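As stored in work.txt (compact mmCIF, C-alpha atoms):
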# COMPACT_ATOMS: atom_id res chain seq x y z
CA VAL L 11 -61.38 -26.88 49.02
CA ARG L 12 -62.36 -27.60 52.55
CA GLU L 13 -62.23 -31.03 54.01
CA LYS L 14 -65.24 -30.42 56.21
CA LYS L 15 -64.52 -32.97 58.93
CA ALA L 16 -60.81 -32.19 59.30
CA HIS L 17 -61.23 -28.46 59.01
CA GLN L 18 -64.20 -28.36 61.34
CA PHE L 19 -62.15 -30.24 63.92
CA LEU L 20 -59.48 -27.48 63.76
CA ILE L 21 -62.14 -24.81 64.18
CA ASP L 22 -64.01 -26.64 66.97
CA THR L 23 -60.84 -27.21 68.99
CA GLY L 24 -59.75 -23.60 68.57
CA VAL L 25 -56.54 -24.46 66.71
CA LEU L 26 -57.57 -22.25 63.78
CA SER L 27 -60.45 -19.94 63.15
CA ASP L 28 -62.73 -20.22 60.14
CA VAL L 29 -60.90 -17.29 58.50
CA GLU L 30 -57.50 -18.87 59.19
CA VAL L 31 -58.54 -22.16 57.55
CA ASP L 32 -59.70 -20.26 54.45
CA ALA L 33 -56.48 -18.22 54.42
CA ARG L 34 -54.33 -21.36 54.58
CA ILE L 35 -56.30 -22.92 51.74
CA ASN L 36 -55.86 -19.79 49.62
CA VAL L 37 -52.12 -19.65 50.31
CA ALA L 38 -51.75 -23.33 49.38
CA LEU L 39 -53.65 -22.79 46.12
CA GLU L 40 -51.57 -19.73 45.23
CA ARG L 41 -48.34 -21.60 45.96
CA TYR L 42 -49.42 -24.57 43.81
CA ILE L 43 -50.45 -22.30 40.93
CA LYS L 44 -47.16 -20.41 41.01
CA GLN L 45 -45.08 -23.58 41.28
CA VAL L 46 -46.74 -25.48 38.42
CA THR L 47 -46.85 -22.37 36.22
CA LEU L 48 -43.14 -21.79 36.76
CA GLU L 49 -42.37 -25.44 36.01
CA ALA L 50 -44.41 -25.29 32.77
CA GLU L 51 -42.78 -22.02 31.67
CA THR L 52 -39.34 -23.44 32.40
CA LEU L 53 -40.11 -26.62 30.48
CA ALA L 54 -41.32 -24.68 27.43
CA ASP L 55 -38.25 -22.43 27.58
CA THR L 56 -35.84 -25.38 27.95
CA ILE L 57 -37.44 -27.14 25.01
CA SER L 58 -37.22 -24.12 22.71
CA THR L 59 -33.76 -22.87 23.68
CA LEU L 60 -31.83 -26.09 24.43
CA VAL L 61 -33.55 -29.25 23.20
CA VAL L 62 -34.83 -28.19 19.77
CA PRO L 63 -31.54 -26.65 18.57
CA ALA L 64 -29.61 -29.77 19.67
CA VAL L 65 -32.05 -32.08 17.90
CA GLU L 66 -31.92 -29.99 14.73
CA ARG L 67 -28.12 -30.31 14.72
CA GLN L 68 -28.39 -34.07 15.28
CA LEU L 69 -30.90 -34.40 12.45
CA ALA L 70 -28.53 -32.56 10.13
CA VAL L 71 -25.66 -34.90 11.03
CA THR L 72 -27.68 -38.12 10.94
CA GLY L 73 -29.55 -37.07 7.79
CA SER L 74 -26.29 -36.34 6.00
CA ALA L 75 -24.85 -39.70 7.04
CA TRP L 76 -28.02 -41.50 5.92
CA LYS L 77 -27.94 -39.71 2.57
CA ALA L 78 -24.27 -40.60 2.04
CA VAL L 79 -24.92 -44.27 2.80
CA THR L 80 -28.01 -44.46 0.59
CA ASP L 81 -26.24 -42.58 -2.22
CA ALA L 82 -23.53 -45.23 -2.05
CA GLY L 83 -26.24 -47.86 -2.50
CA VAL L 84 -25.36 -49.60 0.75
CA ALA L 85 -28.55 -49.05 2.75
CA ALA L 86 -32.13 -49.71 1.83
CA LYS L 87 -34.95 -47.34 2.61
CA ASN L 88 -35.71 -49.12 5.90
CA SER L 89 -32.12 -48.92 7.12
CA PRO L 90 -31.13 -48.16 10.71
CA TYR L 91 -30.25 -44.63 9.57
CA GLY L 92 -33.72 -44.14 8.17
CA THR L 93 -35.28 -45.52 11.32
CA ARG L 94 -33.10 -43.25 13.47
CA VAL L 95 -33.95 -40.15 11.42
CA ALA L 96 -37.67 -41.01 11.55
CA ALA L 97 -37.60 -41.63 15.33
CA THR L 98 -35.75 -38.37 15.94
CA ALA L 99 -38.08 -36.39 13.68
CA LYS L 100 -41.16 -37.92 15.34
CA ALA L 101 -39.93 -37.14 18.86
CA LEU L 102 -39.01 -33.61 17.78
CA ASP L 103 -42.50 -33.13 16.37
CA ASP L 104 -44.00 -34.44 19.63
CA VAL L 105 -41.85 -32.05 21.67
CA LEU L 106 -42.68 -29.04 19.51
CA THR L 107 -46.40 -29.83 19.46
CA GLY L 108 -46.48 -30.37 23.22
CA SER L 109 -44.51 -27.20 23.87
CA ALA L 110 -46.94 -25.18 21.76
CA GLN L 111 -49.84 -26.73 23.69
CA LEU L 112 -48.12 -25.86 26.99
CA THR L 113 -47.75 -22.24 25.93
CA ALA L 114 -51.35 -22.05 24.74
CA LEU L 115 -52.63 -23.54 28.00
CA LEU L 116 -50.49 -21.14 30.03
CA ASP L 117 -51.98 -18.23 28.09
CA LYS L 118 -55.50 -19.56 28.60
CA LEU L 119 -55.01 -20.11 32.33
CA ALA L 120 -53.50 -16.65 32.82
CA GLY L 121 -57.04 -15.31 32.42
CA VAL L 122 -58.56 -17.64 35.02
CA HIS L 123 -58.96 -15.76 38.29
CA ASP L 124 -60.78 -18.45 40.25
CA GLU L 125 -57.85 -20.03 42.08
CA LEU L 126 -59.57 -23.35 42.64
CA LYS L 127 -60.48 -23.74 38.96
CA HIS L 128 -56.99 -22.60 37.97
CA ALA L 129 -55.35 -25.16 40.26
CA GLN L 130 -57.66 -27.92 39.07
CA ALA L 131 -56.85 -27.14 35.43
CA LEU L 132 -53.14 -27.22 36.21
CA GLY L 133 -53.52 -30.62 37.83
CA SER L 134 -55.82 -32.19 35.27
CA GLU L 135 -54.51 -30.59 32.06
CA MET L 136 -51.08 -29.03 32.57
CA ARG L 137 -49.36 -31.79 34.56
CA PRO L 138 -50.27 -34.56 32.07
CA LEU L 139 -49.22 -32.34 29.16
CA MET L 140 -45.91 -31.58 30.86
CA GLN L 141 -45.33 -35.32 31.29
CA THR L 142 -46.04 -35.94 27.60
CA VAL L 143 -43.50 -33.28 26.61
CA ARG L 144 -41.00 -34.68 29.08
CA ASP L 145 -41.43 -38.21 27.70
CA ALA L 146 -40.72 -36.97 24.16
CA ALA L 147 -37.67 -35.03 25.37
CA ASP L 148 -36.43 -38.16 27.15
CA ARG L 149 -36.68 -40.09 23.87
CA LEU L 150 -34.66 -37.36 22.18
CA GLU L 151 -32.00 -37.51 24.89
CA SER L 152 -31.21 -41.07 23.86
CA LEU L 153 -31.11 -40.16 20.14
CA VAL L 154 -28.88 -37.09 20.30
CA ASP L 155 -25.10 -37.42 20.50
CA ASP L 156 -23.56 -36.52 23.86
CA GLU L 157 -21.52 -33.71 22.30
CA LEU L 158 -24.64 -32.09 20.88
CA TRP L 159 -26.93 -32.54 23.91
CA PRO L 160 -26.60 -29.39 26.08
CA LEU L 161 -28.09 -30.84 29.27
CA PRO L 162 -26.77 -33.50 31.64
CA LYS L 163 -28.08 -36.91 30.58
CA TYR L 164 -29.63 -39.23 33.16
CA ARG L 165 -26.82 -41.76 32.93
CA GLU L 166 -24.30 -38.99 33.47
CA MET L 167 -26.09 -37.83 36.60
CA LEU L 168 -26.46 -41.36 37.93
CA PHE L 169 -23.04 -42.77 37.13
CA THR L 170 -20.66 -39.81 37.21
CA ASN L 171 -18.03 -40.13 39.89
CA SER L 172 -18.34 -37.06 42.08
CA LEU L 173 -14.73 -37.36 43.21
CA SER L 174 -13.21 -36.83 39.78
The structure given in the file should be rewritten as structure tokens.
Amino acid sequence: VREKKAHQFLIDTGVLSDVEVDARINVALERYIKQVTLEAETLADTISTLVVPAVERQLAVTGSAWKAVTDAGVAAKNSPYGTRVAATAKALDDVLTGSAQLTALLDKLAGVHDELKHAQALGSEMRPLMQTVRDAADRLESLVDDELWPLPKYREMLFTNSLS
């Protein structure tokens, strides 16, 4: 996508030729497409191989605890355990749904050979979808026990003493 005034200035002053401007634009588009595609593929892979298994383990633990408490007649249906299980299940559903949408969009965009349209779709569709999946995964990070969560948590990265 040429910025006519800025690009024409480069051509008029002899800094770049018309062909060089187009080449630089194409290289920038290719780089953006590869970068965002790799980020989306990595996000989908991380969700399916690390996040989902950890959340499933947490749901098993929390669900068992909730069942034991309710079987003992201590907690009502709207107990903190029930709320925790529901929040975890909802965030897991959001992550799985978003990950499936990411994969479907990646497959769809793999057939788009117009680099400008491909890049625009990545920016307008893929990036917001990636953020939605990330937000759901961030909610899960706070619901899953440290021992079950396979990735560094934000607080660990921010407050870990690097000297220890």
One decimal, Å: what's the distance from atom CA of Ala146 of chain L over to atom CA of Val105 of chain L, could you say?
5.6 Å
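Residue neighbourhood of Gly133 of chain L, excluding near-sequence residues (fewer than 5 positions): Tyr42, Ile43, Val46, Lys127, His128, Pro138 and Leu139 of chain L, at 10 Å, using all atoms listed in the file.
Between atom CA of Val71 of chain L and atom CA of Thr56 of chain L the separation is 21.9 Å.
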Could you give me, as a PyMOL selection string, the residues within 7 Å of segment 147-153 of chain L, counting only C-alpha atoms and dropping anything in the same chain fewer than 2 positions from it?
chain L and resi 98+101+105+143-145+155+163
Neighbouring residues of Pro90 of chain L were defined as those with any atom within 12 Å, considering all atoms listed in the file; residues of the same chain fewer than 5 positions away were excluded. Please report them as a VMD selection string.
chain L and resid 72 to 73 75 to 76 79 to 80 84 to 85 95 to 97
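Between atom CA of Leu158 of chain L and atom CA of Ala99 of chain L the interatomic distance comes to 15.8 Å.
The closest residue to Gly108 of chain L, picked from L:Ala50, L:Val65, L:Leu161, L:Ala120 and counting only C-alpha atoms, is L:Ala50.
Counting only C-alpha atoms and comparing L:Ala54, L:Val154, L:Leu106, L:Met136, the residue that lies closest to Leu119 of chain L is L:Met136.
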Within-12 Å shell of (-64.3, -24.2, 56.5) in input frame, all atoms listed in the file, as a PDB file with C-alpha atoms, in the coordinates of the input:
ATOM      1  CA  VAL L  11     -61.380 -26.880  49.020  1.00  0.00           C
ATOM      2  CA  ARG L  12     -62.360 -27.600  52.550  1.00  0.00           C
ATOM      3  CA  GLU L  13     -62.230 -31.030  54.010  1.00  0.00           C
ATOM      4  CA  LYS L  14     -65.240 -30.420  56.210  1.00  0.00           C
ATOM      5  CA  LYS L  15     -64.520 -32.970  58.930  1.00  0.00           C
ATOM      6  CA  ALA L  16     -60.810 -32.190  59.300  1.00  0.00           C
ATOM      7  CA  HIS L  17     -61.230 -28.460  59.010  1.00  0.00           C
ATOM      8  CA  GLN L  18     -64.200 -28.360  61.340  1.00  0.00           C
ATOM      9  CA  PHE L  19     -62.150 -30.240  63.920  1.00  0.00           C
ATOM     10  CA  LEU L  20     -59.480 -27.480  63.760  1.00  0.00           C
ATOM     11  CA  ILE L  21     -62.140 -24.810  64.180  1.00  0.00           C
ATOM     12  CA  ASP L  22     -64.010 -26.640  66.970  1.00  0.00           C
ATOM     13  CA  LEU L  26     -57.570 -22.250  63.780  1.00  0.00           C
ATOM     14  CA  SER L  27     -60.450 -19.940  63.150  1.00  0.00           C
ATOM     15  CA  ASP L  28     -62.730 -20.220  60.140  1.00  0.00           C
ATOM     16  CA  VAL L  29     -60.900 -17.290  58.500  1.00  0.00           C
ATOM     17  CA  GLU L  30     -57.500 -18.870  59.190  1.00  0.00           C
ATOM     18  CA  VAL L  31     -58.540 -22.160  57.550  1.00  0.00           C
ATOM     19  CA  ASP L  32     -59.700 -20.260  54.450  1.00  0.00           C
ATOM     20  CA  ALA L  33     -56.480 -18.220  54.420  1.00  0.00           C
ATOM     21  CA  ARG L  34     -54.330 -21.360  54.580  1.00  0.00           C
ATOM     22  CA  ILE L  35     -56.300 -22.920  51.740  1.00  0.00           C
ATOM     23  CA  ASN L  36     -55.860 -19.790  49.620  1.00  0.00           C
TER      24      ASN L  36
END
With distances taken over only C-alpha atoms, which of L:Leu168, L:Leu112, L:Leu132, L:Val122 is nearest to Glu51 of chain L?
L:Leu112
Under the rule that all atoms listed in the file are counted, which of L:Arg94, L:Tyr164, L:Val25, L:Val62 is the nearest residue to Thr107 of chain L?
L:Val62
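Taking all atoms listed in the file into account, Ser109 of chain L lies nearest to L:Asp55 out of the set L:Asp55, L:Glu49, L:Asp81, L:Glu166.
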From the options L:Arg67, L:Lys44, L:Lys77, L:Lys118, which residue's atoms come nearest to Glu135 of chain L, counting all atoms listed in the file?
L:Lys118
